[in-house]
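Novice: Structure file protein.cif (mmCIF, C-alpha atoms) right here:
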```cif
data_protein
loop_
_atom_site.label_atom_id
_atom_site.label_comp_id
_atom_site.auth_asym_id
_atom_site.auth_seq_id
_atom_site.Cartn_x
_atom_site.Cartn_y
_atom_site.Cartn_z
CA MET A 574 24.10 -68.15 -56.34
CA VAL A 575 24.54 -68.68 -52.62
CA HIS A 576 22.22 -71.17 -51.02
CA TRP A 577 20.78 -70.48 -47.58
CA THR A 578 18.82 -73.10 -45.67
CA ALA A 579 15.73 -71.99 -43.78
CA GLU A 580 17.66 -72.56 -40.57
CA GLU A 581 20.51 -70.31 -41.69
CA LYS A 582 18.10 -67.55 -42.67
CA GLN A 583 16.47 -67.88 -39.23
CA LEU A 584 19.81 -67.54 -37.45
CA ILE A 585 20.62 -64.42 -39.46
CA THR A 586 17.29 -62.62 -39.20
CA SER A 587 16.67 -63.44 -35.55
CA ILE A 588 20.01 -61.91 -34.55
CA TRP A 589 19.65 -58.96 -36.94
CA ALA A 590 16.22 -58.08 -35.54
CA LYS A 591 17.87 -57.31 -32.20
CA VAL A 592 20.85 -55.37 -33.57
CA ASN A 593 21.01 -51.62 -32.93
CA VAL A 594 22.44 -50.70 -36.31
CA GLU A 595 23.79 -47.33 -35.21
CA GLU A 596 25.55 -48.61 -32.07
CA CYS A 597 26.78 -51.82 -33.59
CA GLY A 598 28.01 -50.13 -36.76
CA ALA A 599 29.83 -47.45 -34.80
CA GLU A 600 31.46 -50.04 -32.57
CA ALA A 601 32.50 -52.30 -35.43
CA LEU A 602 34.12 -49.49 -37.39
CA ALA A 603 35.82 -48.09 -34.29
CA ARG A 604 37.26 -51.49 -33.41
CA LEU A 605 38.48 -51.94 -36.99
CA LEU A 606 40.39 -48.67 -36.76
CA ILE A 607 41.74 -49.52 -33.29
CA VAL A 608 42.67 -53.17 -33.76
CA TYR A 609 44.04 -52.70 -37.30
CA PRO A 610 45.34 -49.13 -37.25
CA TRP A 611 46.53 -49.28 -40.85
CA THR A 612 42.87 -49.22 -41.90
CA GLN A 613 42.85 -45.57 -40.84
CA ARG A 614 44.49 -44.85 -44.18
CA PHE A 615 41.05 -44.51 -45.75
CA PHE A 616 39.81 -41.97 -43.25
CA SER A 617 42.28 -39.09 -43.22
CA SER A 618 39.34 -36.67 -43.48
CA PHE A 619 37.76 -37.97 -40.27
CA GLY A 620 39.77 -35.78 -37.93
CA ASN A 621 41.08 -37.09 -34.62
CA LEU A 622 41.88 -40.81 -34.73
CA SER A 623 44.89 -40.54 -32.44
CA SER A 624 43.73 -42.88 -29.66
CA PRO A 625 41.07 -45.50 -28.96
CA THR A 626 39.13 -42.90 -26.95
CA ALA A 627 39.33 -40.40 -29.82
CA ILE A 628 38.21 -43.01 -32.33
CA ILE A 629 35.28 -44.22 -30.24
CA GLY A 630 34.10 -40.65 -29.63
CA ASN A 631 34.64 -39.46 -33.19
CA PRO A 632 31.25 -38.47 -34.68
CA LYS A 633 32.39 -39.17 -38.24
CA VAL A 634 33.38 -42.70 -37.25
CA ARG A 635 29.96 -43.23 -35.66
CA ALA A 636 28.12 -41.88 -38.67
CA HIS A 637 30.14 -43.90 -41.13
CA GLY A 638 29.80 -47.04 -39.04
CA LYS A 639 26.04 -46.62 -39.11
CA LYS A 640 26.12 -46.14 -42.90
CA VAL A 641 28.18 -49.27 -43.42
CA LEU A 642 26.04 -51.46 -41.21
CA THR A 643 22.82 -50.09 -42.72
CA SER A 644 24.15 -51.20 -46.07
CA PHE A 645 24.89 -54.60 -44.56
CA GLY A 646 21.22 -54.76 -43.67
CA GLU A 647 20.43 -54.57 -47.37
CA ALA A 648 22.28 -57.83 -47.89
CA ILE A 649 20.19 -59.42 -45.18
CA LYS A 650 17.02 -58.17 -46.86
CA ASN A 651 18.24 -59.69 -50.12
CA LEU A 652 19.96 -62.88 -49.05
CA ASP A 653 19.12 -64.55 -52.32
CA ASN A 654 20.66 -61.81 -54.41
CA ILE A 655 23.58 -60.30 -52.55
CA LYS A 656 25.75 -60.06 -55.68
CA ALA A 657 23.31 -57.75 -57.46
CA THR A 658 22.64 -55.78 -54.28
CA TYR A 659 26.32 -54.82 -54.01
CA SER A 660 27.18 -54.46 -57.69
CA LYS A 661 27.31 -50.65 -57.67
CA LEU A 662 28.97 -50.49 -54.25
CA SER A 663 31.62 -52.88 -55.49
CA GLU A 664 32.43 -50.60 -58.40
CA LEU A 665 32.53 -47.63 -56.05
CA HIS A 666 34.96 -49.31 -53.64
CA CYS A 667 37.25 -50.21 -56.53
CA GLU A 668 37.12 -47.17 -58.78
CA LYS A 669 36.59 -44.31 -56.36
CA LEU A 670 37.53 -45.50 -52.89
CA HIS A 671 40.42 -47.82 -53.85
CA VAL A 672 39.85 -50.11 -50.89
CA ASP A 673 41.79 -53.39 -50.78
CA PRO A 674 39.11 -56.13 -50.45
CA GLU A 675 41.08 -57.63 -47.58
CA ASN A 676 39.56 -54.82 -45.52
CA PHE A 677 36.06 -56.23 -46.12
CA ARG A 678 37.20 -59.50 -44.56
CA LEU A 679 38.75 -57.68 -41.61
CA LEU A 680 35.57 -55.68 -40.98
CA GLY A 681 33.41 -58.80 -41.32
CA ASP A 682 35.41 -60.59 -38.62
CA ILE A 683 35.29 -57.56 -36.36
CA LEU A 684 31.50 -57.40 -36.80
CA ILE A 685 31.31 -61.02 -35.70
CA ILE A 686 33.30 -60.28 -32.56
CA VAL A 687 31.02 -57.32 -31.77
CA LEU A 688 27.98 -59.60 -32.18
CA ALA A 689 29.61 -62.24 -29.94
CA ALA A 690 30.19 -59.65 -27.21
CA HIS A 691 26.65 -58.34 -27.55
CA PHE A 692 24.73 -61.59 -27.77
CA THR A 693 27.04 -63.70 -25.55
CA LYS A 694 25.57 -67.20 -25.11
CA ASP A 695 23.05 -66.66 -27.93
CA PHE A 696 25.89 -66.23 -30.38
CA SER A 697 26.54 -69.97 -30.40
CA PRO A 698 29.12 -71.71 -32.58
CA ALA A 699 26.34 -72.65 -35.02
CA CYS A 700 25.18 -69.04 -35.12
CA GLN A 701 28.72 -67.79 -35.67
CA ALA A 702 29.21 -70.22 -38.54
CA VAL A 703 26.21 -68.83 -40.40
CA TRP A 704 27.35 -65.26 -39.84
CA GLN A 705 30.87 -66.15 -41.01
CA LYS A 706 29.26 -67.42 -44.21
CA LEU A 707 27.29 -64.17 -44.54
CA VAL A 708 30.28 -61.86 -44.04
CA THR A 709 32.28 -63.93 -46.53
CA VAL A 710 29.49 -63.66 -49.11
CA VAL A 711 29.22 -59.90 -48.55
CA ALA A 712 33.00 -59.42 -48.81
CA HIS A 713 33.03 -61.49 -51.98
CA ALA A 714 30.18 -59.48 -53.51
CA LEU A 715 31.94 -56.21 -52.68
CA ALA A 716 35.12 -57.44 -54.35
CA ARG A 717 33.40 -58.92 -57.35
CA ARG A 718 33.48 -55.89 -59.65
CA TYR A 719 37.15 -55.09 -58.98
CA HIS A 720 39.36 -54.77 -62.01
CA MET B 985 54.79 -56.30 -34.04
CA THR B 986 56.02 -55.96 -30.46
CA LEU B 987 53.58 -55.50 -27.63
CA THR B 988 53.70 -52.24 -25.70
CA GLN B 989 53.73 -52.32 -21.89
CA ALA B 990 50.06 -51.33 -21.86
CA GLU B 991 49.20 -54.13 -24.26
CA LYS B 992 51.10 -56.69 -22.18
CA ALA B 993 49.18 -55.49 -19.12
CA ALA B 994 45.86 -55.85 -20.98
CA VAL B 995 46.77 -59.40 -21.99
CA VAL B 996 47.78 -60.43 -18.48
CA THR B 997 44.72 -58.92 -16.79
CA ILE B 998 42.10 -60.67 -18.84
CA TRP B 999 44.11 -63.89 -18.77
CA ALA B 1000 43.56 -64.10 -15.03
CA LYS B 1001 39.83 -64.52 -15.74
CA VAL B 1002 40.19 -66.72 -18.81
CA ALA B 1003 42.48 -69.12 -16.98
CA THR B 1004 39.73 -70.01 -14.53
CA GLN B 1005 37.73 -71.49 -17.42
CA ALA B 1006 40.59 -72.62 -19.62
CA GLU B 1007 39.09 -75.99 -20.52
CA ALA B 1008 35.63 -74.64 -21.39
CA ILE B 1009 37.03 -71.70 -23.34
CA GLY B 1010 39.48 -73.93 -25.18
CA ALA B 1011 36.78 -76.43 -26.08
CA GLU B 1012 34.37 -73.70 -27.21
CA SER B 1013 37.07 -72.03 -29.32
CA LEU B 1014 37.73 -75.31 -31.08
CA GLU B 1015 34.02 -75.93 -31.53
CA ARG B 1016 33.64 -72.51 -33.15
CA LEU B 1017 36.66 -73.25 -35.34
CA PHE B 1018 35.29 -76.56 -36.60
CA PHE B 1019 31.80 -75.17 -37.18
CA SER B 1020 32.85 -72.02 -39.05
CA TYR B 1021 35.85 -73.46 -40.87
CA PRO B 1022 35.17 -77.14 -41.61
CA SER B 1023 38.51 -77.50 -43.43
CA THR B 1024 40.20 -77.30 -40.02
CA LYS B 1025 38.65 -80.64 -39.10
CA THR B 1026 41.04 -82.31 -41.53
CA TYR B 1027 43.71 -82.09 -38.84
CA PHE B 1028 41.61 -84.11 -36.40
CA PRO B 1029 40.27 -87.20 -38.18
CA HIS B 1030 41.03 -89.18 -35.04
CA PHE B 1031 38.95 -86.95 -32.76
CA ASP B 1032 35.40 -87.09 -31.54
CA LEU B 1033 34.37 -83.54 -32.41
CA SER B 1034 30.87 -83.63 -30.96
CA GLN B 1035 29.98 -80.83 -28.57
CA GLY B 1036 31.52 -81.27 -25.14
CA SER B 1037 33.49 -84.34 -26.17
CA ALA B 1038 36.43 -85.45 -24.04
CA HIS B 1039 38.74 -84.86 -27.02
CA LEU B 1040 37.58 -81.28 -27.46
CA ARG B 1041 37.90 -80.54 -23.77
CA SER B 1042 41.34 -82.06 -23.41
CA HIS B 1043 42.70 -80.50 -26.56
CA GLY B 1044 41.07 -77.18 -25.74
CA SER B 1045 42.85 -77.30 -22.38
CA LYS B 1046 46.16 -78.03 -24.05
CA VAL B 1047 45.82 -75.09 -26.42
CA LEU B 1048 44.76 -72.64 -23.72
CA ASN B 1049 47.48 -73.78 -21.34
CA ALA B 1050 50.08 -73.16 -24.03
CA ILE B 1051 48.65 -69.68 -24.46
CA GLY B 1052 48.93 -69.32 -20.69
CA GLU B 1053 52.65 -70.06 -20.95
CA ALA B 1054 52.98 -67.37 -23.58
CA VAL B 1055 51.17 -64.95 -21.25
CA LYS B 1056 53.42 -65.91 -18.33
CA TYR B 1057 56.53 -65.31 -20.44
CA VAL B 1058 55.10 -62.53 -22.55
CA ASP B 1059 58.55 -60.92 -22.79
CA ASP B 1060 59.96 -64.07 -24.37
CA ILE B 1061 57.20 -65.89 -26.21
CA ARG B 1062 59.75 -67.40 -28.56
CA GLY B 1063 61.60 -69.02 -25.68
CA ALA B 1064 58.44 -70.15 -23.91
CA LEU B 1065 57.01 -71.84 -27.00
CA ALA B 1066 60.24 -73.12 -28.58
CA LYS B 1067 59.31 -76.78 -28.24
CA LEU B 1068 55.76 -76.19 -29.51
CA SER B 1069 57.20 -74.28 -32.43
CA GLU B 1070 59.29 -77.29 -33.40
CA LEU B 1071 56.34 -79.62 -32.93
CA HIS B 1072 54.22 -77.57 -35.32
CA ALA B 1073 57.01 -77.21 -37.87
CA TYR B 1074 58.22 -80.79 -38.08
CA ILE B 1075 55.41 -83.01 -36.85
CA LEU B 1076 52.03 -81.30 -36.99
CA ARG B 1077 52.66 -79.03 -39.98
CA VAL B 1078 49.32 -77.25 -39.64
CA ASP B 1079 49.04 -74.84 -42.55
CA PRO B 1080 49.84 -71.30 -41.31
CA VAL B 1081 46.51 -69.92 -42.47
CA ASN B 1082 44.75 -71.86 -39.70
CA PHE B 1083 46.38 -69.98 -36.85
CA LYS B 1084 44.48 -66.84 -37.83
CA LEU B 1085 41.23 -68.81 -37.87
CA LEU B 1086 41.76 -70.27 -34.40
CA SER B 1087 42.88 -66.89 -33.03
CA HIS B 1088 39.65 -65.35 -34.34
CA CYS B 1089 37.57 -68.08 -32.68
CA ILE B 1090 39.41 -67.63 -29.39
CA LEU B 1091 38.63 -63.90 -29.54
CA CYS B 1092 34.94 -64.66 -30.26
CA THR B 1093 34.78 -67.01 -27.29
CA VAL B 1094 36.46 -64.57 -24.93
CA ALA B 1095 34.26 -61.70 -26.21
CA SER B 1096 31.09 -63.70 -25.67
CA ARG B 1097 32.07 -64.73 -22.13
CA TYR B 1098 33.59 -61.46 -20.93
CA PRO B 1099 31.87 -58.75 -22.97
CA ASN B 1100 32.45 -56.02 -20.39
CA ASP B 1101 36.16 -56.76 -20.13
CA PHE B 1102 36.65 -57.10 -23.86
CA THR B 1103 37.10 -53.39 -24.53
CA PRO B 1104 38.53 -52.23 -27.88
CA GLU B 1105 41.95 -51.81 -26.23
CA VAL B 1106 41.88 -55.32 -24.78
CA HIS B 1107 40.62 -56.66 -28.13
CA ALA B 1108 43.52 -54.97 -29.95
CA ALA B 1109 46.09 -56.24 -27.44
CA TRP B 1110 44.80 -59.82 -27.63
CA ASP B 1111 44.61 -59.80 -31.41
CA LYS B 1112 48.23 -58.66 -31.53
CA PHE B 1113 49.33 -61.13 -28.84
CA LEU B 1114 47.71 -64.11 -30.58
CA SER B 1115 49.23 -62.96 -33.83
CA ASN B 1116 52.66 -63.01 -32.15
CA VAL B 1117 51.99 -66.48 -30.75
CA SER B 1118 51.00 -67.65 -34.23
CA SER B 1119 54.17 -66.18 -35.73
CA VAL B 1120 56.32 -67.98 -33.19
CA LEU B 1121 54.55 -71.28 -33.83
CA THR B 1122 55.09 -71.04 -37.59
CA GLU B 1123 58.54 -69.45 -37.72
CA LYS B 1124 60.44 -72.72 -38.12
CA TYR B 1125 58.26 -74.00 -40.96
CA ARG B 1126 60.91 -73.24 -43.56
#
```
Could you spell out this file's structure in structure tokens?
Specialist:
Amino acid sequence: MVHWTAEEKQLITSIWAKVNVEECGAEALARLLIVYPWTQRFFSSFGNLSSPTAIIGNPKVRAHGKKVLTSFGEAIKNLDNIKATYSKLSELHCEKLHVDPENFRLLGDILIIVLAAHFTKDFSPACQAVWQKLVTVVAHALARRYH
Amino acid sequence: MTLTQAEKAAVVTIWAKVATQAEAIGAESLERLFFSYPSTKTYFPHFDLSQGSAHLRSHGSKVLNAIGEAVKYVDDIRGALAKLSELHAYILRVDPVNFKLLSHCILCTVASRYPNDFTPEVHAAWDKFLSNVSSVLTEKYR
């Protein structure tokens, strides 16, 4: 089980309270698809992903980004039991979606960059370190049921 | 993964701003690196890693200035960083995995200081550019 100090929980929840899940999720997913274009392989049904402008404006990308980040919020609500929280989602990503877990790490790092841009000075090195731990734990939980 | 003309332009434009705060950005990038990835501290047992330390500032400067050289000679990064490549291969021997970690921390630092300039296109160009720099620095390892 992952151990979180009170300080770490504070750094997570205080940032999360100010996150606009829809905007942030949309931006994170869009940047993933732009910065690492090979990740588009999972989204052939999303329509026009032909340019950064197309990706950013794509309503399916926005909606899916919001879905993904909302799910991330579940981890934050259940910091002491992230593994169980993502058990079914892990199976889904393996058995139905066939997503290489490396993509969870890529998206986690992109999320961190989006938070850095949004929170600027408040996203201190100490803050980043806690969030790096969180995205690693989430990625690990999502990969846990792979077989 | 070669940079397109547009990507080179994106790299050069934001560099103009970054260069004005090279020492601070370099130091902050290293600070983020050591905080988020403590294993990276193993390469600096001889350093004072406390926030704002002279070591962090001077080494941060060094790293950012080298990146500046790569920006200046973006059409021949291999040539520009040839000596540094040898240094890393034969003397420093920093495990290749760490270049990705530092690149990520540099991107975080730049994003937090220039959020309006750090558009998705600029982000993509810089990620690719730093990845190229990292490749050059590790290409003589074996």
Novice: Kindly resolve the PyMOL selection byres ((chain B) within 8 of (chain A)) on the present coordinates and return the residues as a list of chain:residue names.
Specialist: B:Glu1012, B:Glu1015, B:Arg1016, B:Phe1019, B:Ser1020, B:Tyr1021, B:His1088, B:Leu1091, B:Cys1092, B:Thr1093, B:Ala1095, B:Ser1096, B:Arg1097, B:Tyr1098, B:Pro1099, B:Phe1102, B:Pro1104, B:Glu1105, B:His1107, B:Ala1108, B:Ala1109, B:Asp1111
Novice: What residues come out when you apply the PyMOL selection byres ((chain A and resi 646) around 12) to this file, written as a count of residues only?
Specialist: 30
Novice: Rounded to one decimal, what separation in Å do you get between atom CA of B:Ser1013 and atom CA of B:Thr1103?
Specialist: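 It comes out at 19.2 Å.
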Novice: Just the number, please: distance in Å from atom CA of A:Leu602 to atom CA of B:Glu991, one decimal.
Specialist: 20.5 Å
Novice: Do you know which residues are at most 7 Å from stretch 1045-1054 of chain B counting only C-alpha atoms, after dropping those on the same chain fewer than 2 positions away, and could you put them as a ChimeraX atom specification?
Specialist: /B:1006-1007,1010,1041-1043,1056-1058,1061,1064-1065
Novice: Work out how far atom CA of B:Ser1118 is from atom CA of B:Ala1011, in Å to one decimal.
Specialist: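 Distance between the two atoms: 18.6 Å.
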